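Next comes protein-v8.csv, a file with CSV, C-alpha atoms.
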```csv
chain,number,residue,atom,x,y,z
X,294,MET,CA,-18.9,-15.1,8.7
X,295,ARG,CA,-16.7,-14.1,11.6
X,296,ILE,CA,-13.7,-12.0,10.4
X,297,GLY,CA,-10.7,-10.7,12.4
X,298,LEU,CA,-9.8,-7.1,12.2
X,299,PRO,CA,-6.3,-6.1,10.9
X,300,THR,CA,-3.6,-5.4,13.3
X,301,ILE,CA,-2.4,-2.1,11.8
X,302,PRO,CA,-4.8,0.2,13.7
X,303,LEU,CA,-4.1,-1.8,16.9
X,304,PHE,CA,-0.4,-1.1,16.7
X,305,MET,CA,-1.1,2.6,16.0
X,306,LEU,CA,-3.5,2.8,18.9
X,307,ALA,CA,-0.9,1.2,21.2
X,308,GLY,CA,1.6,3.9,20.1
X,309,ILE,CA,-0.9,6.6,20.8
X,310,LEU,CA,-1.8,5.2,24.2
X,311,PHE,CA,1.8,4.6,25.4
X,312,GLY,CA,3.3,7.7,23.7
X,313,PRO,CA,4.5,10.9,25.3
X,314,HIS,CA,1.4,12.8,24.4
X,315,THR,CA,-1.0,10.6,26.4
X,316,PRO,CA,-1.3,10.8,30.2
X,317,GLY,CA,-0.1,7.7,32.0
X,318,LEU,CA,2.7,5.3,31.2
X,319,ALA,CA,4.9,6.6,28.4
X,320,LEU,CA,7.2,3.8,27.1
X,321,PHE,CA,9.1,6.4,24.9
X,322,GLU,CA,9.5,10.0,25.7
X,323,ASP,CA,11.0,10.8,22.3
X,324,PRO,CA,9.6,9.0,19.2
X,325,ALA,CA,13.0,9.6,17.6
X,326,ASP,CA,14.3,6.8,19.8
X,327,LEU,CA,12.6,4.4,17.4
X,328,LYS,CA,13.6,6.2,14.2
X,329,LEU,CA,16.1,3.5,13.0
X,330,LEU,CA,13.9,0.6,13.8
X,331,SER,CA,10.9,2.3,12.3
X,332,ALA,CA,12.9,2.9,9.1
X,333,LEU,CA,13.8,-0.8,8.9
X,334,GLY,CA,10.2,-1.7,9.4
X,335,LEU,CA,9.3,0.4,6.3
X,336,VAL,CA,12.2,-1.3,4.3
X,337,PHE,CA,11.1,-4.8,5.2
X,338,LEU,CA,7.4,-4.0,4.6
X,339,LEU,CA,8.1,-2.8,1.0
X,340,PHE,CA,10.8,-5.5,0.4
X,341,TYR,CA,8.3,-8.2,1.2
X,342,LEU,CA,5.7,-6.6,-1.0
X,343,GLY,CA,8.2,-6.6,-3.9
X,344,LEU,CA,9.0,-10.2,-3.3
X,345,GLU,CA,5.3,-11.2,-3.9
X,346,PHE,CA,4.8,-8.9,-6.9
X,347,HIS,CA,5.5,-10.2,-10.4
X,348,LEU,CA,5.7,-8.1,-13.6
X,349,ASP,CA,4.1,-10.9,-15.5
X,350,ASP,CA,0.9,-10.4,-13.3
X,351,LEU,CA,0.4,-7.0,-14.9
X,352,VAL,CA,1.2,-8.2,-18.4
X,353,SER,CA,-1.1,-11.2,-18.3
X,354,GLY,CA,-4.0,-9.1,-17.0
X,355,GLY,CA,-4.7,-7.6,-20.4
X,356,GLY,CA,-6.2,-4.3,-21.4
X,357,ARG,CA,-9.3,-4.6,-19.3
X,358,LEU,CA,-7.3,-5.0,-16.1
X,359,LEU,CA,-5.3,-1.9,-16.9
X,360,THR,CA,-8.5,0.0,-17.8
X,361,ALA,CA,-10.1,-1.0,-14.5
X,362,GLY,CA,-7.0,-0.2,-12.4
X,363,GLY,CA,-6.5,3.0,-14.2
X,364,LEU,CA,-10.1,4.0,-13.7
X,365,TYR,CA,-9.8,3.2,-10.0
X,366,LEU,CA,-6.6,5.4,-9.7
X,367,LEU,CA,-8.1,8.2,-11.8
X,368,LEU,CA,-11.1,8.5,-9.6
X,369,ASN,CA,-9.5,8.0,-6.2
X,370,VAL,CA,-6.2,9.8,-6.7
X,371,GLY,CA,-7.8,12.6,-8.6
X,372,GLY,CA,-10.5,13.0,-6.0
X,373,GLY,CA,-7.9,12.9,-3.3
X,374,LEU,CA,-5.9,15.6,-5.0
X,375,ALA,CA,-8.9,17.8,-5.4
X,376,PHE,CA,-9.8,17.3,-1.7
X,377,GLY,CA,-6.3,18.2,-0.7
X,378,PHE,CA,-6.4,21.5,-2.6
X,379,LEU,CA,-9.9,22.3,-1.2
X,380,LEU,CA,-8.6,21.8,2.4
X,381,GLY,CA,-6.1,24.6,1.7
X,382,TRP,CA,-3.2,23.1,3.7
X,383,GLY,CA,-0.7,23.7,0.9
X,384,GLY,CA,0.2,22.3,-2.6
X,385,ARG,CA,2.7,19.8,-1.4
X,386,GLU,CA,0.3,18.6,1.3
X,387,ALA,CA,-2.4,18.1,-1.4
X,388,PHE,CA,-0.1,15.7,-3.4
X,389,VAL,CA,0.5,13.7,-0.2
X,390,LEU,CA,-3.3,13.5,0.4
X,391,ALA,CA,-3.9,12.4,-3.1
X,392,GLY,CA,-1.8,9.3,-2.4
X,393,VAL,CA,-3.2,8.8,1.0
X,394,ILE,CA,-6.8,8.8,-0.2
X,395,GLY,CA,-6.1,7.2,-3.6
X,396,ILE,CA,-4.2,4.0,-2.7
X,397,SER,CA,-5.8,1.1,-0.8
X,398,SER,CA,-4.1,-1.3,1.7
X,399,SER,CA,-2.7,-4.4,0.0
X,400,ALA,CA,-2.1,-6.1,3.3
X,401,ILE,CA,-5.7,-5.6,4.6
X,402,VAL,CA,-7.3,-6.3,1.2
X,403,THR,CA,-5.7,-9.7,0.8
X,404,LYS,CA,-6.3,-10.6,4.5
X,405,VAL,CA,-10.0,-9.8,4.0
X,406,LEU,CA,-10.2,-12.0,0.9
X,407,MET,CA,-8.6,-14.9,2.8
X,408,ASP,CA,-10.7,-14.5,6.0
X,409,MET,CA,-13.9,-14.2,3.9
X,410,GLY,CA,-13.0,-17.3,1.9
X,411,ARG,CA,-13.4,-15.3,-1.4
X,412,LEU,CA,-10.0,-16.1,-3.0
X,413,GLY,CA,-11.8,-18.5,-5.4
X,414,ASN,CA,-14.4,-16.0,-6.5
X,415,PRO,CA,-14.0,-14.8,-10.1
X,416,GLU,CA,-14.0,-11.1,-9.1
X,417,SER,CA,-11.1,-11.6,-6.7
X,418,ARG,CA,-8.8,-11.8,-9.8
X,419,LEU,CA,-9.9,-8.3,-10.6
X,420,ILE,CA,-9.4,-7.1,-7.0
X,421,LEU,CA,-5.9,-8.5,-6.9
X,422,GLY,CA,-5.3,-7.0,-10.4
X,423,ILE,CA,-6.2,-3.5,-9.1
X,424,ILE,CA,-3.7,-3.9,-6.3
X,425,VAL,CA,-1.0,-4.8,-8.9
X,426,VAL,CA,-1.8,-1.7,-10.9
X,427,GLU,CA,-1.6,0.3,-7.7
X,428,ASP,CA,1.8,-1.0,-6.9
X,429,VAL,CA,3.2,0.1,-10.3
X,430,PHE,CA,1.6,3.5,-9.8
X,431,LEU,CA,3.0,3.7,-6.3
X,432,ALA,CA,6.6,3.3,-7.5
X,433,LEU,CA,6.1,6.1,-10.1
X,434,TYR,CA,4.2,8.3,-7.6
X,435,LEU,CA,6.8,8.1,-4.9
X,436,ALA,CA,9.5,9.0,-7.5
X,437,LEU,CA,7.4,12.0,-8.5
X,438,LEU,CA,6.6,13.0,-5.0
X,439,GLN,CA,10.2,12.9,-3.7
X,440,PRO,CA,11.4,16.1,-5.4
X,441,ILE,CA,8.1,17.8,-4.6
X,442,LEU,CA,8.6,17.1,-0.9
X,443,ALA,CA,12.2,18.1,-1.1
X,444,GLY,CA,11.1,21.5,-2.1
X,445,ALA,CA,12.6,21.7,-5.6
X,446,SER,CA,13.0,25.4,-6.5
X,447,GLY,CA,11.4,25.1,-10.0
X,448,PHE,CA,10.1,22.9,-12.7
X,449,GLY,CA,13.5,22.3,-14.2
X,450,GLU,CA,15.0,21.1,-10.9
X,451,ALA,CA,11.9,19.0,-10.2
X,452,ALA,CA,12.2,17.5,-13.7
X,453,VAL,CA,15.8,16.6,-13.2
X,454,GLU,CA,15.2,15.0,-9.8
X,455,PHE,CA,12.3,13.0,-11.2
X,456,GLY,CA,14.4,12.0,-14.2
X,457,LYS,CA,17.1,10.6,-11.9
X,458,ALA,CA,14.5,8.8,-9.9
X,459,PHE,CA,12.7,7.4,-12.9
X,460,ALA,CA,16.0,6.3,-14.5
X,461,LEU,CA,16.9,4.3,-11.3
X,462,LEU,CA,13.4,2.7,-11.3
X,463,LEU,CA,13.8,1.8,-15.0
X,464,VAL,CA,17.2,0.2,-14.4
X,465,LEU,CA,15.9,-1.8,-11.4
X,466,ALA,CA,12.8,-2.9,-13.3
X,467,SER,CA,14.9,-4.0,-16.2
X,468,VAL,CA,17.1,-6.1,-13.9
X,469,ALA,CA,13.9,-7.6,-12.5
X,470,ARG,CA,12.6,-8.5,-15.9
X,471,TRP,CA,15.8,-9.7,-17.7
X,472,GLY,CA,18.7,-9.9,-15.1
X,473,ALA,CA,17.2,-11.8,-12.2
X,474,ARG,CA,19.1,-15.0,-13.2
X,475,TRP,CA,22.4,-13.2,-12.6
X,476,VAL,CA,21.3,-11.6,-9.3
X,477,GLY,CA,20.0,-15.1,-8.3
X,478,LYS,CA,23.6,-16.3,-8.1
X,479,LEU,CA,24.2,-13.9,-5.2
X,480,VAL,CA,21.4,-15.4,-3.2
X,481,ASP,CA,21.9,-19.1,-4.3
X,482,ILE,CA,23.0,-19.9,-0.8
X,483,LYS,CA,22.2,-23.1,1.1
X,484,ASP,CA,22.8,-21.8,4.6
X,485,ASP,CA,19.7,-19.9,5.9
X,486,GLU,CA,21.7,-17.6,8.2
X,487,LEU,CA,24.0,-16.4,5.5
X,488,LEU,CA,21.0,-16.0,3.1
X,489,VAL,CA,19.3,-13.7,5.7
X,490,VAL,CA,22.4,-11.6,6.0
X,491,THR,CA,22.7,-11.4,2.2
X,492,PHE,CA,19.1,-10.3,1.4
X,493,VAL,CA,18.9,-7.9,4.4
X,494,GLY,CA,22.2,-6.3,3.2
X,495,LEU,CA,20.9,-6.0,-0.4
X,496,ALA,CA,17.6,-4.5,0.9
X,497,VAL,CA,19.3,-1.9,3.1
X,498,LEU,CA,21.9,-1.1,0.4
X,499,THR,CA,19.4,-0.6,-2.4
X,500,ALA,CA,17.2,1.5,-0.1
X,501,GLY,CA,20.2,3.7,0.6
X,502,ILE,CA,21.2,4.0,-3.0
X,503,ALA,CA,17.6,4.9,-3.9
X,504,GLU,CA,17.5,7.7,-1.4
X,505,GLU,CA,20.7,9.1,-2.9
X,506,PHE,CA,19.0,9.2,-6.3
X,507,GLY,CA,16.0,11.0,-4.9
X,508,VAL,CA,13.8,8.0,-4.6
X,509,SER,CA,12.2,7.0,-1.3
X,510,ASP,CA,14.2,4.3,0.5
X,511,ALA,CA,10.9,2.4,0.7
X,512,ILE,CA,10.5,2.1,-3.0
X,513,GLY,CA,14.2,1.1,-3.3
X,514,ALA,CA,13.4,-1.8,-1.0
X,515,PHE,CA,10.4,-2.6,-3.1
X,516,MET,CA,12.4,-2.8,-6.2
X,517,ILE,CA,15.1,-5.1,-4.8
X,518,GLY,CA,12.3,-7.3,-3.5
X,519,LEU,CA,10.9,-7.3,-7.0
X,520,ILE,CA,14.3,-8.5,-8.4
X,521,LEU,CA,14.8,-11.2,-5.8
X,522,GLY,CA,11.2,-12.3,-6.2
X,523,ALA,CA,12.1,-13.4,-9.8
X,524,THR,CA,15.0,-15.6,-8.6
X,525,LYS,CA,14.9,-19.3,-7.7
X,526,SER,CA,15.5,-18.4,-4.0
X,527,ALA,CA,12.3,-16.3,-3.8
X,528,LYS,CA,10.3,-18.8,-1.8
X,529,ARG,CA,13.0,-19.3,0.8
X,530,ILE,CA,13.6,-15.5,1.1
X,531,GLN,CA,9.8,-15.0,1.6
X,532,THR,CA,9.8,-17.6,4.4
X,533,LEU,CA,12.9,-16.2,6.1
X,534,VAL,CA,11.9,-12.5,5.8
X,535,HIS,CA,8.3,-13.0,7.0
X,536,PRO,CA,9.1,-12.8,10.8
X,537,LEU,CA,11.4,-9.8,10.2
X,538,ARG,CA,8.6,-8.1,8.3
X,539,ASP,CA,6.1,-8.7,11.0
X,540,ALA,CA,8.3,-7.6,13.9
X,541,PHE,CA,9.8,-4.5,12.3
X,542,ALA,CA,6.5,-3.4,10.6
X,543,ALA,CA,4.8,-3.6,14.0
X,544,LEU,CA,7.5,-1.2,15.3
X,545,PHE,CA,6.9,1.1,12.3
X,546,PHE,CA,3.1,1.4,13.0
X,547,PHE,CA,3.8,1.7,16.7
X,548,ALA,CA,6.4,4.4,16.2
X,549,PHE,CA,3.9,6.3,14.0
X,550,GLY,CA,1.4,6.2,16.8
X,551,LEU,CA,3.9,7.6,19.2
X,552,GLN,CA,4.0,10.8,17.2
X,553,ILE,CA,0.3,11.4,17.4
X,554,ASP,CA,-1.2,13.7,20.1
X,555,PRO,CA,-4.8,12.4,20.8
X,556,GLY,CA,-5.8,16.0,21.3
X,557,ASP,CA,-4.9,16.7,17.6
X,558,LEU,CA,-7.3,14.0,16.4
X,559,ALA,CA,-10.3,16.1,17.5
X,560,SER,CA,-9.0,19.1,15.6
X,561,VAL,CA,-9.1,17.1,12.3
X,562,ALA,CA,-12.3,15.2,12.9
X,563,VAL,CA,-14.3,17.1,10.3
X,564,PRO,CA,-11.7,16.7,7.5
X,565,VAL,CA,-11.3,13.0,8.4
X,566,THR,CA,-15.1,12.5,8.2
X,567,LEU,CA,-15.3,14.2,4.9
X,568,ALA,CA,-12.3,12.2,3.5
X,569,VAL,CA,-13.9,8.9,4.7
X,570,LEU,CA,-17.2,9.8,3.0
X,571,LEU,CA,-15.4,10.8,-0.2
X,572,THR,CA,-13.4,7.6,-0.2
X,573,VAL,CA,-16.6,5.5,0.2
X,574,VAL,CA,-18.2,7.3,-2.7
X,575,LEU,CA,-15.2,7.1,-5.0
X,576,ASN,CA,-14.5,3.4,-4.2
X,577,LEU,CA,-18.1,2.5,-4.8
X,578,SER,CA,-18.1,4.3,-8.1
X,579,ALA,CA,-14.8,2.9,-9.3
X,580,GLY,CA,-15.4,-0.6,-8.0
X,581,LEU,CA,-18.9,-0.9,-9.6
X,582,LEU,CA,-17.7,0.5,-12.9
X,583,ALA,CA,-14.7,-1.9,-12.9
X,584,GLY,CA,-17.0,-4.8,-12.2
X,585,ARG,CA,-19.3,-3.7,-15.0
X,586,ILE,CA,-16.4,-3.4,-17.4
X,587,HIS,CA,-15.4,-7.0,-16.6
X,588,GLY,CA,-19.0,-8.2,-17.1
X,589,TYR,CA,-19.7,-9.0,-13.5
X,590,GLY,CA,-23.1,-9.0,-11.9
X,591,ARG,CA,-24.4,-6.9,-9.0
X,592,VAL,CA,-23.0,-8.8,-6.1
X,593,PRO,CA,-19.5,-9.5,-7.5
X,594,SER,CA,-19.2,-5.8,-8.5
X,595,ALA,CA,-20.2,-4.8,-4.9
X,596,ASN,CA,-17.5,-7.2,-3.6
X,597,VAL,CA,-14.9,-5.3,-5.7
X,598,ALA,CA,-16.1,-1.9,-4.6
X,599,LEU,CA,-16.0,-2.6,-0.8
X,600,THR,CA,-13.0,-5.0,-0.7
X,601,VAL,CA,-10.6,-2.3,-1.9
X,602,LEU,CA,-12.0,0.3,0.6
X,603,SER,CA,-9.4,-0.1,3.4
X,604,ARG,CA,-6.4,2.2,3.8
X,605,GLY,CA,-3.3,1.3,5.8
X,606,GLU,CA,0.4,0.9,5.3
X,607,PHE,CA,0.9,3.1,2.2
X,608,ALA,CA,-0.9,6.0,3.8
X,609,LEU,CA,1.5,5.8,6.8
X,610,VAL,CA,4.5,5.6,4.4
X,611,LEU,CA,3.4,8.9,2.9
X,612,ALA,CA,2.8,10.4,6.4
X,613,SER,CA,6.3,9.5,7.4
X,614,MET,CA,7.7,11.2,4.3
X,615,ALA,CA,5.6,14.3,4.9
X,616,ALA,CA,6.8,14.5,8.5
X,617,ALA,CA,10.4,14.2,7.4
X,618,ALA,CA,9.8,17.0,4.9
X,619,GLY,CA,8.4,19.3,7.6
X,620,LEU,CA,4.9,19.6,6.0
X,621,ASP,CA,1.8,20.9,7.8
X,622,SER,CA,1.6,19.4,11.3
X,623,ARG,CA,-2.1,18.6,10.8
X,624,LEU,CA,-1.2,15.9,8.2
X,625,ALA,CA,0.0,13.3,10.7
X,626,PRO,CA,-3.1,13.3,13.0
X,627,PHE,CA,-5.4,13.5,9.9
X,628,ILE,CA,-3.8,10.5,8.3
X,629,ALA,CA,-3.8,8.6,11.6
X,630,GLY,CA,-7.5,9.2,12.1
X,631,TYR,CA,-8.3,8.4,8.4
X,632,VAL,CA,-6.4,5.1,8.5
X,633,LEU,CA,-7.8,4.1,11.9
X,634,VAL,CA,-11.4,4.6,10.6
X,635,LEU,CA,-11.0,2.8,7.2
X,636,ALA,CA,-8.7,0.1,8.5
X,637,VAL,CA,-11.5,-1.0,10.8
X,638,ALA,CA,-14.5,0.0,8.7
X,639,GLY,CA,-13.2,-1.5,5.5
X,640,PRO,CA,-13.2,-5.1,6.6
X,641,LEU,CA,-16.5,-4.7,8.3
X,642,ALA,CA,-18.0,-3.2,5.1
X,643,VAL,CA,-17.0,-6.2,3.1
X,644,THR,CA,-19.3,-8.4,5.2
X,645,GLN,CA,-22.2,-6.3,3.9
X,646,SER,CA,-21.1,-6.4,0.2
X,647,GLU,CA,-23.6,-9.1,-0.8
X,648,ARG,CA,-26.5,-7.1,0.8
X,649,LEU,CA,-25.4,-4.0,-1.0
X,650,GLY,CA,-25.2,-5.9,-4.3
X,651,ARG,CA,-28.8,-7.1,-4.0
X,652,LEU,CA,-29.9,-3.4,-3.5
X,653,LEU,CA,-28.3,-2.3,-6.8
X,654,PRO,CA,-30.5,-2.0,-9.9
X,655,GLU,CA,-30.3,-5.3,-11.8
X,656,ARG,CA,-30.7,-3.7,-15.2
X,657,LEU,CA,-27.2,-1.9,-14.8
X,658,PHE,CA,-25.3,-5.2,-14.5
X,659,PRO,CA,-25.1,-8.5,-16.5
X,660,THR,CA,-27.4,-11.3,-15.2
X,661,ALA,CA,-24.4,-13.7,-14.8
X,662,ALA,CA,-20.7,-13.2,-14.4
X,663,PRO,CA,-18.5,-14.4,-17.3
X,664,ALA,CA,-16.5,-17.6,-17.0
X,665,THR,CA,-13.2,-16.5,-15.5
X,666,PRO,CA,-10.4,-18.7,-14.1
X,667,PRO,CA,-10.2,-18.8,-10.3
X,668,ALA,CA,-8.1,-16.1,-8.7
X,669,LYS,CA,-4.4,-16.8,-8.2
X,670,GLU,CA,-2.9,-16.9,-4.8
X,671,PRO,CA,-2.8,-13.4,-3.3
X,672,VAL,CA,0.0,-11.1,-4.4
X,673,ARG,CA,0.2,-9.9,-0.8
X,674,SER,CA,-0.1,-11.3,2.6
```
For the file at hand, write its structure as structure tokens.
Amino acid sequence: MRIGLPTIPLFMLAGILFGPHTPGLALFEDPADLKLLSALGLVFLLFYLGLEFHLDDLVSGGGRLLTAGGLYLLLNVGGGLAFGFLLGWGGREAFVLAGVIGISSSAIVTKVLMDMGRLGNPESRLILGIIVVEDVFLALYLALLQPILAGASGFGEAAVEFGKAFALLLVLASVARWGARWVGKLVDIKDDELLVVTFVGLAVLTAGIAEEFGVSDAIGAFMIGLILGATKSAKRIQTLVHPLRDAFAALFFFAFGLQIDPGDLASVAVPVTLAVLLTVVLNLSAGLLAGRIHGYGRVPSANVALTVLSRGEFALVLASMAAAAGLDSRLAPFIAGYVLVLAVAGPLAVTQSERLGRLLPERLFPTAAPATPPAKEPVRS
């Protein structure tokens, strides 16, 4: 089936081609000129993600979903952390690389499921469930990573910073779970223009407060999206924020590309190649094991393994945080090259998942998949 490639690598490539480091037309001599717009792109991207995420999705998934998602994270994040330390670029850099290699792209994964017409497949419920578990992990991981990137002087200071960040996340999650009805009164507005002003203000305000508490502004935006997603106005907000998300997210990816010197990509070609190969091995292992845990056959398990292969927006979020913290200059071109490869190769690999499934030993998988309700609508777009 014909499948369109995601736009994330295209925006990045445009930034590289029209940036100050590439001969020819340079639209921006200084990438800092887009710093504010890029920050808003990140805020809207995570805000929209929060709108489409529901805590009930995680609760209703049951123990097997948590087991599968936890297994996926353990293998991929653990493997990414080990790879980061083996590179020898530094301890803080290793923690960034753990997240880059360990977390898949929600946007690309759900786009692939829609383009391939697989949303109704039983295993798609597991795929979307893994994404939900990843989102929960991401919130905690960014809270943990912030004091590390800020260069906390010792364990005590890092623990205090993480405690503040975790407390804020706990408060916001509690509001999302039990206080959404009260917050809903703030956005119970009939006029669309006033509603846009209100939710944009809330997103930016919460992002700023989160940063003051040592949490990434991105995760603050995610949490307020989570809260508003539980209100009666959630559908209207999703519709109204959609064009803002697309426009500003495009600027975020473009601005990231502006910072990349094409010459630096060659210098990290070997680490990028090794990281891509490691990601393929880890995803195949985790995906096939998760499929087997859920009782799926060879082909559905292969679908799980290859669908969650793509990397994208979250890797670039971590790259931006690393750049702001002044970490090793090789991180940015490494992450750019890594994302470019997997954002293109991931969707293409999905088209071969059925062929891969038929090559797997039949004795390792059930002969038929269990009866499972059709997958819900995607938690991402």
Taking into account only C-alpha atoms, which residue in the set X:Val425, X:Val489, X:Ala375, X:Leu461 is nearest to Val389 in chain X? X:Ala375
Applying 12 Å and all atoms listed in the file, which residues near range 365-374 of chain X remain after dropping the ones on its own chain fewer than 6 positions away? List them as a PyMOL selection string. chain X and resi 358-359+380-397+419-420+422-431+434+567-584+586+597-598+601-602+604
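Between CA of Leu558 in chain X and CA of Arg538 in chain X the interatomic distance comes to 28.4 Å.
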Residues within 8 Å of (7.0, 1.6, 25.1), counting only C-alpha atoms, listed as a list in words: Gly308, Phe311, Gly312, Ala319, Leu320 and Phe321 of chain X
Enter the distance from CA of Ser331 in chain X to CA of Val493 in chain X, in Å, rounded to one decimal. 15.2 Å
Enumerate, as a VMD selection string, the protein, DNA and RNA residues whose atoms approach (-5.0, 11.6, 11.2) to within 9 Å, taking into account all atoms listed in the file and the coordinate frame of the file. chain X and resid 553 557 to 558 561 to 562 565 623 to 633
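Pairwise distance (CA of Ile520 in chain X, CA of Gly477 in chain X) equals 8.7 Å.
Closest approach to Pro593 in chain X from the set X:Pro415, X:Pro640, X:Gln645, X:Ile502 is made by X:Pro415, with distances taken over only C-alpha atoms.
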